[in-house]
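Raw structure31.cif, mmCIF, C-alpha atoms and all ligand atoms:
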```cif
data_my_file
loop_
_atom_site.label_atom_id
_atom_site.label_comp_id
_atom_site.auth_asym_id
_atom_site.auth_seq_id
_atom_site.Cartn_x
_atom_site.Cartn_y
_atom_site.Cartn_z
CA MET N 1 0.00 0.00 0.00
CA VAL N 2 1.27 3.46 -0.85
CA VAL N 3 0.50 6.06 1.80
CA PRO N 4 1.47 9.73 1.95
CA ALA N 5 3.93 10.77 4.66
CA GLU N 6 5.36 14.06 5.85
CA GLU N 7 7.53 16.28 3.65
CA GLY N 8 5.98 14.92 0.47
CA LEU N 9 7.79 11.60 0.77
CA LEU N 10 5.65 8.60 -0.09
CA THR N 11 6.29 5.50 1.95
CA ILE N 12 5.28 1.91 1.29
CA SER N 13 3.60 0.48 4.36
CA GLY N 14 5.45 3.19 6.28
CA VAL N 15 8.92 1.81 5.45
CA ARG N 16 11.53 4.49 4.69
CA VAL N 17 14.64 3.38 2.85
CA LEU N 18 17.97 5.17 2.34
CA VAL N 19 19.95 3.85 -0.65
CA ALA N 20 23.64 4.79 -0.63
CA THR N 21 25.57 4.42 -3.86
CA ALA N 22 29.18 5.52 -4.24
CA VAL N 23 28.97 7.72 -7.33
CA SER N 24 26.32 9.66 -9.26
CA VAL N 25 25.98 7.21 -12.20
CA GLU N 26 25.06 4.49 -9.71
CA ARG N 27 22.64 6.87 -8.01
CA ALA N 28 21.02 7.62 -11.37
CA ALA N 29 20.74 3.89 -12.16
CA VAL N 30 18.87 3.27 -8.90
CA ALA N 31 16.70 6.39 -9.29
CA GLN N 32 15.77 5.32 -12.83
CA ALA N 33 14.05 2.26 -11.35
CA PHE N 34 11.58 4.66 -9.76
CA GLY N 35 11.07 6.65 -12.95
CA ALA N 36 13.24 9.52 -11.79
CA ALA N 37 15.21 10.53 -14.87
CA ASP N 38 16.73 13.54 -13.12
CA GLY N 39 17.70 11.54 -10.06
CA GLU N 40 14.98 13.08 -7.85
CA VAL N 41 13.08 10.19 -6.32
CA THR N 42 9.57 10.34 -4.88
CA GLY N 43 8.77 7.05 -3.23
CA PRO N 44 9.90 4.99 -0.27
CA PHE N 45 13.52 5.33 -1.32
CA ASP N 46 15.88 8.27 -0.91
CA VAL N 47 19.00 7.73 -3.01
CA ILE N 48 22.33 9.44 -2.29
CA ALA N 49 25.79 9.29 -3.84
CA ALA N 50 27.75 8.84 -0.63
CA GLY N 51 31.29 8.71 -2.00
CA VAL N 52 33.83 6.02 -2.85
CA GLY N 53 35.28 3.88 -0.07
CA PRO N 54 34.21 2.92 3.45
CA ALA N 55 35.15 6.20 5.16
CA ALA N 56 33.31 8.54 2.77
CA SER N 57 30.26 6.31 2.66
CA ALA N 58 30.11 5.94 6.46
CA ALA N 59 30.36 9.71 6.95
CA SER N 60 27.67 10.48 4.36
CA VAL N 61 25.26 7.81 5.54
CA ALA N 62 25.71 8.75 9.21
CA SER N 63 24.92 12.38 8.33
CA ALA N 64 21.82 11.38 6.34
CA LEU N 65 20.56 9.12 9.14
CA THR N 66 21.11 11.83 11.75
CA ALA N 67 19.36 14.47 9.63
CA ALA N 68 16.38 12.18 9.05
CA ALA N 69 16.12 11.35 12.75
CA LEU N 70 16.24 15.06 13.65
CA ARG N 71 13.44 15.70 11.11
CA GLY N 72 11.38 13.11 12.96
CA ALA N 73 11.38 10.82 9.92
CA PRO N 74 14.04 8.17 10.60
CA TYR N 75 14.89 5.51 8.03
CA ASP N 76 13.93 1.86 8.59
CA LEU N 77 16.50 0.37 6.24
CA VAL N 78 19.78 1.40 4.61
CA VAL N 79 20.89 -0.21 1.34
CA SER N 80 24.46 -0.05 0.06
CA ALA N 81 24.20 -0.40 -3.72
CA GLY N 82 26.38 -0.16 -6.78
CA ILE N 83 28.73 -2.00 -9.06
CA ALA N 84 31.25 -4.56 -7.81
CA GLY N 85 33.89 -7.06 -8.71
CA GLY N 86 32.58 -10.64 -8.81
CA PHE N 87 34.53 -13.72 -7.73
CA GLN N 88 34.62 -16.21 -10.59
CA PRO N 89 32.90 -18.36 -11.58
CA GLU N 90 30.16 -17.82 -8.97
CA ALA N 91 29.36 -14.18 -9.77
CA PRO N 92 29.74 -13.52 -13.50
CA VAL N 93 29.80 -10.04 -15.01
CA GLY N 94 26.25 -8.67 -15.28
CA SER N 95 24.93 -10.83 -12.42
CA LEU N 96 23.50 -9.59 -9.14
CA VAL N 97 24.66 -10.31 -5.61
CA VAL N 98 22.84 -9.59 -2.36
CA ALA N 99 24.97 -9.75 0.76
CA ASP N 100 24.07 -12.22 3.47
CA GLU N 101 27.22 -10.97 5.17
CA ILE N 102 29.02 -7.63 4.78
CA THR N 103 32.63 -8.13 5.76
CA VAL N 104 35.57 -5.75 5.67
CA ALA N 105 38.48 -7.78 4.29
CA ASP N 106 41.44 -5.52 5.02
CA LEU N 107 40.79 -4.05 8.46
CA GLY N 108 43.42 -5.62 10.67
CA ALA N 109 47.13 -6.27 10.85
CA GLU N 110 49.71 -8.09 8.79
CA THR N 111 51.66 -10.53 10.96
CA PRO N 112 54.37 -13.09 10.21
CA ASP N 113 51.53 -15.63 10.21
CA GLY N 114 49.40 -13.66 7.79
CA PHE N 115 46.47 -11.25 8.06
CA VAL N 116 44.75 -10.86 11.42
CA PRO N 117 41.35 -9.07 11.55
CA VAL N 118 40.80 -6.31 14.11
CA THR N 119 38.39 -8.52 16.02
CA ALA N 120 41.23 -10.96 16.73
CA LEU N 121 43.17 -7.99 18.11
CA GLY N 122 40.30 -7.24 20.46
CA PHE N 123 38.69 -4.31 18.62
CA GLY N 124 35.49 -3.44 16.84
CA ALA N 125 33.71 -5.53 14.22
CA VAL N 126 34.46 -6.84 10.76
CA THR N 127 31.08 -8.24 9.76
CA HIS N 128 27.47 -7.09 9.66
CA ARG N 129 24.61 -9.44 8.85
CA PRO N 130 21.57 -8.11 6.97
CA PRO N 131 18.12 -9.45 7.97
CA GLU N 132 18.04 -13.07 6.79
CA ALA N 133 14.46 -13.17 5.49
CA LEU N 134 14.88 -9.89 3.63
CA VAL N 135 18.06 -11.17 1.95
CA ARG N 136 16.25 -14.33 0.91
CA ASP N 137 13.24 -12.43 -0.48
CA VAL N 138 15.37 -9.82 -2.30
CA ALA N 139 17.51 -12.57 -3.83
CA ALA N 140 14.41 -14.44 -4.98
CA VAL N 141 12.68 -11.48 -6.58
CA THR N 142 15.80 -10.07 -8.27
CA ASN N 143 17.35 -13.41 -9.23
CA ALA N 144 20.46 -12.47 -7.27
CA ARG N 145 22.85 -14.86 -5.57
CA ALA N 146 23.18 -14.44 -1.81
CA GLY N 147 26.65 -14.58 -0.28
CA ALA N 148 29.31 -12.55 1.44
CA VAL N 149 30.23 -9.21 -0.09
CA LEU N 150 33.67 -8.03 0.94
CA THR N 151 34.55 -4.38 1.50
CA VAL N 152 38.08 -3.45 0.44
CA SER N 153 39.91 -0.13 0.36
CA THR N 154 42.09 -1.28 -2.52
CA VAL N 155 40.52 -2.85 -5.62
CA THR N 156 41.98 -6.33 -6.12
CA GLY N 157 44.37 -6.35 -9.07
CA SER N 158 45.94 -9.80 -9.17
CA ALA N 159 44.95 -13.45 -9.24
CA GLU N 160 47.06 -14.00 -6.11
CA ARG N 161 45.11 -11.45 -4.10
CA ALA N 162 41.78 -12.83 -5.38
CA THR N 163 42.83 -16.33 -4.30
CA GLU N 164 43.96 -15.07 -0.90
CA LEU N 165 40.64 -13.29 -0.30
CA ARG N 166 38.63 -16.37 -1.27
CA ALA N 167 40.79 -18.54 0.99
CA ARG N 168 40.00 -16.24 3.91
CA HIS N 169 36.35 -15.77 2.89
CA PRO N 170 35.14 -18.93 1.11
CA SER N 171 31.55 -17.67 0.85
CA ALA N 172 32.53 -14.37 -0.79
CA LEU N 173 30.77 -13.67 -4.08
CA ALA N 174 31.85 -10.07 -4.65
CA GLU N 175 34.04 -7.22 -3.48
CA ALA N 176 33.27 -3.51 -3.42
CA MET N 177 34.46 -0.52 -1.45
CA GLU N 178 31.56 0.82 0.62
CA GLY N 179 29.34 -1.84 2.21
CA PHE N 180 31.09 -2.06 5.57
CA GLY N 181 31.20 1.73 5.96
CA VAL N 182 27.49 1.99 5.19
CA ALA N 183 26.79 -0.87 7.62
CA GLU N 184 28.81 0.75 10.42
CA ALA N 185 26.80 3.96 10.06
CA ALA N 186 23.53 2.02 10.00
CA ALA N 187 24.58 0.04 13.08
CA ALA N 188 25.34 3.23 14.97
CA HIS N 189 21.70 4.23 14.38
CA GLY N 190 20.28 0.75 15.03
CA VAL N 191 19.00 0.53 11.44
CA PRO N 192 19.14 -2.74 9.43
CA VAL N 193 21.33 -2.81 6.35
CA LEU N 194 21.34 -4.53 2.97
CA GLU N 195 23.98 -4.58 0.24
CA ILE N 196 22.97 -5.14 -3.38
CA ARG N 197 25.68 -5.26 -6.05
CA ALA N 198 25.72 -5.67 -9.80
CA VAL N 199 28.93 -7.24 -11.08
CA SER N 200 30.86 -5.02 -13.52
CA ASN N 201 34.15 -6.93 -13.58
CA PRO N 202 35.79 -10.12 -12.36
CA VAL N 203 37.87 -9.89 -9.17
CA GLY N 204 41.43 -10.52 -10.31
CA PRO N 205 44.08 -9.17 -12.66
CA ARG N 206 43.37 -5.52 -13.42
CA ASP N 207 41.84 -5.05 -16.87
CA ARG N 208 39.95 -1.75 -16.64
CA ALA N 209 38.99 -1.87 -20.35
CA ALA N 210 37.05 -5.09 -19.73
CA TRP N 211 34.78 -3.58 -17.04
CA ARG N 212 31.13 -3.74 -18.16
CA ILE N 213 29.85 -0.82 -16.15
CA GLY N 214 26.87 -0.14 -18.43
CA ASP N 215 25.62 -3.73 -18.16
CA ALA N 216 26.02 -3.63 -14.39
CA LEU N 217 24.13 -0.34 -14.09
CA THR N 218 21.29 -1.78 -16.18
CA ALA N 219 21.15 -4.81 -13.88
CA LEU N 220 21.06 -2.47 -10.88
CA THR N 221 18.10 -0.53 -12.32
CA GLU N 222 16.22 -3.77 -13.03
CA ALA N 223 16.86 -5.07 -9.51
CA PHE N 224 15.57 -1.94 -7.77
CA GLY N 225 12.53 -1.99 -10.04
CA LYS N 226 11.56 -5.29 -8.38
CA LEU N 227 12.14 -4.36 -4.73
CA THR N 228 8.94 -2.54 -3.82
CA PRO N 229 6.73 -5.63 -3.27
CA VAL N 230 9.40 -7.18 -1.05
CA LEU N 231 9.50 -4.10 1.15
CA GLU N 232 5.71 -3.91 1.23
CA SER N 233 5.63 -7.24 3.03
CA TRP N 234 8.64 -6.55 5.27
CA ASN N 235 8.20 -5.63 8.92
CA PRO N 236 11.35 -3.74 10.02
CA HIS N 237 10.52 -4.27 13.68
CA GLU N 238 10.95 -8.02 13.32
CA HIS N 239 14.49 -7.53 12.07
CA PRO N 240 16.77 -5.60 14.44
CA HIS N 241 20.26 -4.76 13.22
CA GLU N 242 22.71 -7.61 13.71
CA ARG N 243 26.40 -6.99 14.11
CA ALA N 244 28.44 -10.19 14.04
CA GLY N 245 32.04 -10.00 15.22
O1 LIG I 301 40.69 1.70 -12.56
C1 LIG I 301 40.97 1.19 -11.48
O2 LIG I 301 41.87 0.36 -11.33
C2 LIG I 301 40.18 1.57 -10.29
C3 LIG I 301 40.81 1.76 -9.07
C4 LIG I 301 40.05 2.15 -7.98
C5 LIG I 301 38.67 2.27 -8.10
C6 LIG I 301 38.10 2.02 -9.29
C7 LIG I 301 36.66 2.10 -9.44
O3 LIG I 301 36.14 2.50 -10.44
C8 LIG I 301 35.85 1.62 -8.31
C9 LIG I 301 34.68 2.50 -8.11
C10 LIG I 301 33.48 1.79 -7.50
O4 LIG I 301 33.16 0.55 -8.05
C11 LIG I 301 33.03 -0.48 -7.09
N1 LIG I 301 33.81 -1.58 -7.64
C12 LIG I 301 33.61 -2.06 -8.87
N2 LIG I 301 34.40 -3.10 -9.12
C13 LIG I 301 35.14 -3.28 -8.02
C14 LIG I 301 36.15 -4.24 -7.69
O5 LIG I 301 36.53 -5.13 -8.46
N3 LIG I 301 36.71 -4.13 -6.46
C15 LIG I 301 36.31 -3.18 -5.59
N4 LIG I 301 35.36 -2.27 -5.88
C16 LIG I 301 34.77 -2.32 -7.07
C17 LIG I 301 33.50 0.11 -5.77
O6 LIG I 301 32.53 -0.11 -4.79
C18 LIG I 301 33.67 1.62 -6.03
O7 LIG I 301 32.64 2.37 -5.47
C19 LIG I 301 38.84 1.68 -10.42
#
```

As structure tokens, how would this structure be written, given the file I've shared?
Ligand SMILES: O=C(O)c1cccc(C(=O)CC[C@H]2O[C@@H](n3cnc4c(=O)[nH]cnc43)[C@H](O)[C@@H]2O)c1
Amino acid sequence: MVVPAEEGLLTISGVRVLVATAVSVERAAVAQAFGAADGEVTGPFDVIAAGVGPAASAASVASALTAAALRGAPYDLVVSAGIAGGFQPEAPVGSLVVADEITVADLGAETPDGFVPVTALGFGAVTHRPPEALVRDVAAVTNARAGAVLTVSTVTGSAERATELRARHPSALAEAMEGFGVAEAAAAHGVPVLEIRAVSNPVGPRDRAAWRIGDALTALTEAFGKLTPVLESWNPHEHPHERAG
């Protein structure tokens, strides 16, 4: 059901959603799903270009969540969305991935015995888990695969690094640069988080000319075009934010 809410924003069953992309072409791809050619969205979704990397995205999303809360219209869900590298062969170029786990892959320390995550050093968190049922329903309706999406500050550029990441994170389907930052901001506000990625390139040896950004943006638009019914039947209060280690 579509019902009017304050400030001209329309909400579906009262659910308010903040979608955080990294850059403006990703924002436009998401907005296009709601018929907003100029990027201005009227619907349950607000879409922002929050910047590239975990720090920029965390800062932008935290600001947006705080502003919404101060307006008396807090968000119920935050979605990190955009293009990504896909681990092969599980996540081919043009396919969609929804994160059942959002894990930062390079937050820790190098030791003589290899990489140690910050959690093993006694600090913070490295993983956030989106609501399980929502992940399942989003994956079903968008034909996405569900799996871990890694957040990295450096795009993987070699087969060796891709192999190392998969050895440490066997369930990883994709890597991108913002999910964990978005999830940290959402967690600070007690808001559930999702990450939806369209694969633009394989994770591995750097071949920028082979990136299929247009195909991935089209897949992103199609995916968001299918999300409304899922959110209509979603009760945010049954799904508190879950931070896992
Ligand atoms: O040309 C390069 O080598 C290069 C170096 C740093 C960043 C980029 C981007 O264009 C990344 C921007 C954006 O895209 C997401 N993304 C897409 N594919 C990947 C990937 O294989 N690994 C990590 N991130 C990826 C990311 O979330 C950024 O927002 C290009």

_Which residues are near ligand LIG 301 (chain I) in this structure, taking near to mean any atom at most 6 Å from a ligand atom and counting only C-alpha atoms and all ligand atoms? Format them as a list of chain:residue names._
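My answer, listing the contacting residues, is N:Ala22, N:Val52, N:Ile83, N:Ala84, N:Gly85, N:Val155, N:Thr156, N:Glu175, N:Ala176, N:Met177, N:Glu178, N:Ser200, N:Asn201, N:Val203, N:Arg208.
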
*Identify which of the residues N:Arg166, N:Arg145, N:Arg27, N:Arg16 lies closest to Gly51 of chain N, counting only C-alpha atoms when measuring atom-to-atom distances.*
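Closest to Gly51 of chain N of all the choices is N:Arg27.
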
_List as a PyMOL selection string the protein and nucleic acid residues near Leu121 of chain N, meaning an atom at most 12 Å away when all atoms listed in the file are counted, but skip any in the same chain fewer than 2 places from it._
chain N and resi 107-111+115-119+123-126+245

*Rank N:Gly94, N:Pro112, N:Gly122, N:Pro130 by their smallest atom-to-atom distance to Asn143 of chain N, using all atoms listed in the file, and report the top residue only.*
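Checking each of N:Gly94, N:Pro112, N:Gly122, N:Pro130 against Asn143 of chain N, counting all atoms listed in the file, the winner is N:Gly94.
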
*Counting only C-alpha atoms, the residue of N:Ala49, N:Val25, N:Val135, N:Ala186 that sits nearest Tyr75 of chain N*: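 Of all the options, N:Ala186 lies closest to Tyr75 of chain N.
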
*Interatomic distance, atom CA of Ala223 of chain N to atom CA of Thr142 of chain N (Å, one decimal)*: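 Those two atoms sit 5.3 Å apart.
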
Give me the residues of segment 134-204 of chain N that have any atom at most 7 Å from an atom of segment 226-240 of chain N; for each, the nearest atom pair and the distance in Å, rounded to one decimal. Use only C-alpha atoms, sort by chain and number, and format it as JSON lines.
```
{"residue": "N:Asp137", "atom": "CA", "partner": "N:Val230", "partner_atom": "CA", "distance": 6.5}
{"residue": "N:Val138", "atom": "CA", "partner": "N:Val230", "partner_atom": "CA", "distance": 6.6}
{"residue": "N:Val141", "atom": "CA", "partner": "N:Lys226", "partner_atom": "CA", "distance": 6.5}
{"residue": "N:Thr142", "atom": "CA", "partner": "N:Lys226", "partner_atom": "CA", "distance": 6.4}
{"residue": "N:Pro192", "atom": "CA", "partner": "N:Pro240", "partner_atom": "CA", "distance": 6.2}
```

_Within 7 Å of (19.7, 10.5, 2.5) in the file's own coordinates, which protein, DNA or RNA residues have an atom, counting only C-alpha atoms? List them as a list in words._
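I get Leu18, Asp46, Val47, Ile48, Val61, Ala64 and Leu65 of chain N for the residues within 7 Å of that point.
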
*So how far away is atom CA of Arg161 of chain N from atom CA of Thr218 of chain N, in Å?*
28.4 Å

*Please indicate the distance in Å from atom CA of Arg129 of chain N to atom CA of Ala20 of chain N, rounded to one decimal place.*
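Value for the atom CA of Arg129 of chain N-atom CA of Ala20 of chain N distance: 17.1 Å.
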
_Residue neighbourhood Ala148 of chain N, 10 Å, only C-alpha atoms, exclusion window fewer than 4 positions, as a list of chain:residue names_ =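 Non-adjacent residues within range: N:Val97, N:Val98, N:Ala99, N:Asp100, N:Glu101, N:Ile102, N:Thr103, N:Thr127, N:Arg129, N:His169, N:Pro170, N:Ser171, N:Ala172, N:Leu173, N:Ala174, N:Glu175, N:Glu195.
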
*Which of these residues is nearest to Val193 of chain N, using all atoms listed in the file: N:Val93, N:Gly181, N:Val23, N:Ala216?*
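Answer, going by the shortest atom-to-atom distance: N:Gly181.
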
_So, with only C-alpha atoms as the atoms that count, which of N:Ala28, N:Val182, N:Ala133, N:Val191 lies closest to Ala69 of chain N?_
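When distances to Ala69 of chain N are compared using only C-alpha atoms, the smallest one comes from N:Val191.
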
*Would you please work out which residue, of N:Ala139, N:Gly190, N:Ala50, N:Gly35, is nearest to Gly82 of chain N when using all atoms listed in the file?*
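The shortest atom-to-atom distance to Gly82 of chain N comes from N:Ala50.
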
Model the absent atoms of segment 205-230 of chain N so that N, CA, C and O atoms are present, and write the result as a short mmCIF file (atom, residue, chain, number, x, y, z; two decimals), in the frame of the given file.
```cif
data_model
loop_
_atom_site.label_atom_id
_atom_site.label_comp_id
_atom_site.auth_asym_id
_atom_site.auth_seq_id
_atom_site.Cartn_x
_atom_site.Cartn_y
_atom_site.Cartn_z
N PRO N 205 43.13 -10.04 -11.97
CA PRO N 205 44.08 -9.17 -12.66
C PRO N 205 43.41 -7.95 -13.25
O PRO N 205 42.35 -8.04 -13.87
N ARG N 206 44.01 -6.78 -13.03
CA ARG N 206 43.37 -5.52 -13.42
C ARG N 206 43.29 -5.40 -14.94
O ARG N 206 44.30 -5.47 -15.63
N ASP N 207 42.06 -5.26 -15.45
CA ASP N 207 41.84 -5.05 -16.87
C ASP N 207 40.68 -4.06 -16.98
O ASP N 207 39.54 -4.43 -17.25
N ARG N 208 40.99 -2.78 -16.75
CA ARG N 208 39.95 -1.75 -16.64
C ARG N 208 39.11 -1.68 -17.92
O ARG N 208 37.90 -1.43 -17.84
N ALA N 209 39.73 -1.97 -19.07
CA ALA N 209 38.99 -1.87 -20.35
C ALA N 209 37.89 -2.93 -20.43
O ALA N 209 36.94 -2.77 -21.21
N ALA N 210 38.03 -4.00 -19.66
CA ALA N 210 37.05 -5.09 -19.73
C ALA N 210 35.87 -4.88 -18.78
O ALA N 210 34.93 -5.68 -18.78
N TRP N 211 35.90 -3.81 -17.97
CA TRP N 211 34.78 -3.58 -17.04
C TRP N 211 33.52 -3.30 -17.84
O TRP N 211 33.54 -2.52 -18.80
N ARG N 212 32.42 -3.92 -17.48
CA ARG N 212 31.13 -3.74 -18.16
C ARG N 212 30.21 -2.92 -17.25
O ARG N 212 29.23 -3.44 -16.70
N ILE N 213 30.58 -1.67 -17.10
CA ILE N 213 29.85 -0.82 -16.15
C ILE N 213 28.42 -0.57 -16.61
O ILE N 213 27.48 -0.62 -15.80
N GLY N 214 28.23 -0.37 -17.91
CA GLY N 214 26.87 -0.14 -18.43
C GLY N 214 25.95 -1.32 -18.15
O GLY N 214 24.80 -1.13 -17.71
N ASP N 215 26.44 -2.53 -18.41
CA ASP N 215 25.62 -3.73 -18.16
C ASP N 215 25.27 -3.84 -16.67
O ASP N 215 24.15 -4.20 -16.30
N ALA N 216 26.26 -3.53 -15.83
CA ALA N 216 26.02 -3.63 -14.39
C ALA N 216 24.99 -2.59 -13.93
O ALA N 216 24.11 -2.87 -13.12
N LEU N 217 25.09 -1.38 -14.48
CA LEU N 217 24.13 -0.34 -14.09
C LEU N 217 22.71 -0.71 -14.53
O LEU N 217 21.74 -0.47 -13.80
N THR N 218 22.60 -1.32 -15.71
CA THR N 218 21.29 -1.78 -16.18
C THR N 218 20.73 -2.85 -15.24
O THR N 218 19.54 -2.83 -14.87
N ALA N 219 21.58 -3.76 -14.82
CA ALA N 219 21.15 -4.81 -13.88
C ALA N 219 20.71 -4.20 -12.55
O ALA N 219 19.75 -4.66 -11.92
N LEU N 220 21.41 -3.14 -12.14
CA LEU N 220 21.06 -2.47 -10.88
C LEU N 220 19.67 -1.82 -10.98
O LEU N 220 18.84 -1.94 -10.07
N THR N 221 19.41 -1.16 -12.10
CA THR N 221 18.10 -0.53 -12.32
C THR N 221 17.01 -1.60 -12.28
O THR N 221 15.97 -1.42 -11.61
N GLU N 222 17.23 -2.71 -12.98
CA GLU N 222 16.22 -3.77 -13.03
C GLU N 222 15.96 -4.33 -11.63
O GLU N 222 14.82 -4.60 -11.25
N ALA N 223 17.02 -4.50 -10.85
CA ALA N 223 16.86 -5.07 -9.51
C ALA N 223 16.02 -4.14 -8.63
O ALA N 223 15.07 -4.59 -7.96
N PHE N 224 16.34 -2.86 -8.63
CA PHE N 224 15.57 -1.94 -7.77
C PHE N 224 14.13 -1.81 -8.24
O PHE N 224 13.23 -1.54 -7.43
N GLY N 225 13.91 -2.02 -9.53
CA GLY N 225 12.53 -1.99 -10.04
C GLY N 225 11.67 -3.11 -9.48
O GLY N 225 10.44 -3.05 -9.55
N LYS N 226 12.30 -4.13 -8.90
CA LYS N 226 11.56 -5.29 -8.38
C LYS N 226 11.45 -5.29 -6.85
O LYS N 226 10.86 -6.20 -6.28
N LEU N 227 12.03 -4.30 -6.20
CA LEU N 227 12.14 -4.36 -4.73
C LEU N 227 10.88 -3.96 -3.97
O LEU N 227 10.68 -4.40 -2.83
N THR N 228 10.06 -3.11 -4.57
CA THR N 228 8.94 -2.54 -3.82
C THR N 228 8.03 -3.60 -3.18
O THR N 228 7.72 -3.50 -1.99
N PRO N 229 7.61 -4.64 -3.92
CA PRO N 229 6.73 -5.63 -3.27
C PRO N 229 7.39 -6.34 -2.08
O PRO N 229 6.71 -6.69 -1.11
N VAL N 230 8.70 -6.52 -2.16
CA VAL N 230 9.40 -7.18 -1.05
C VAL N 230 9.32 -6.30 0.19
O VAL N 230 9.06 -6.78 1.31
#
```
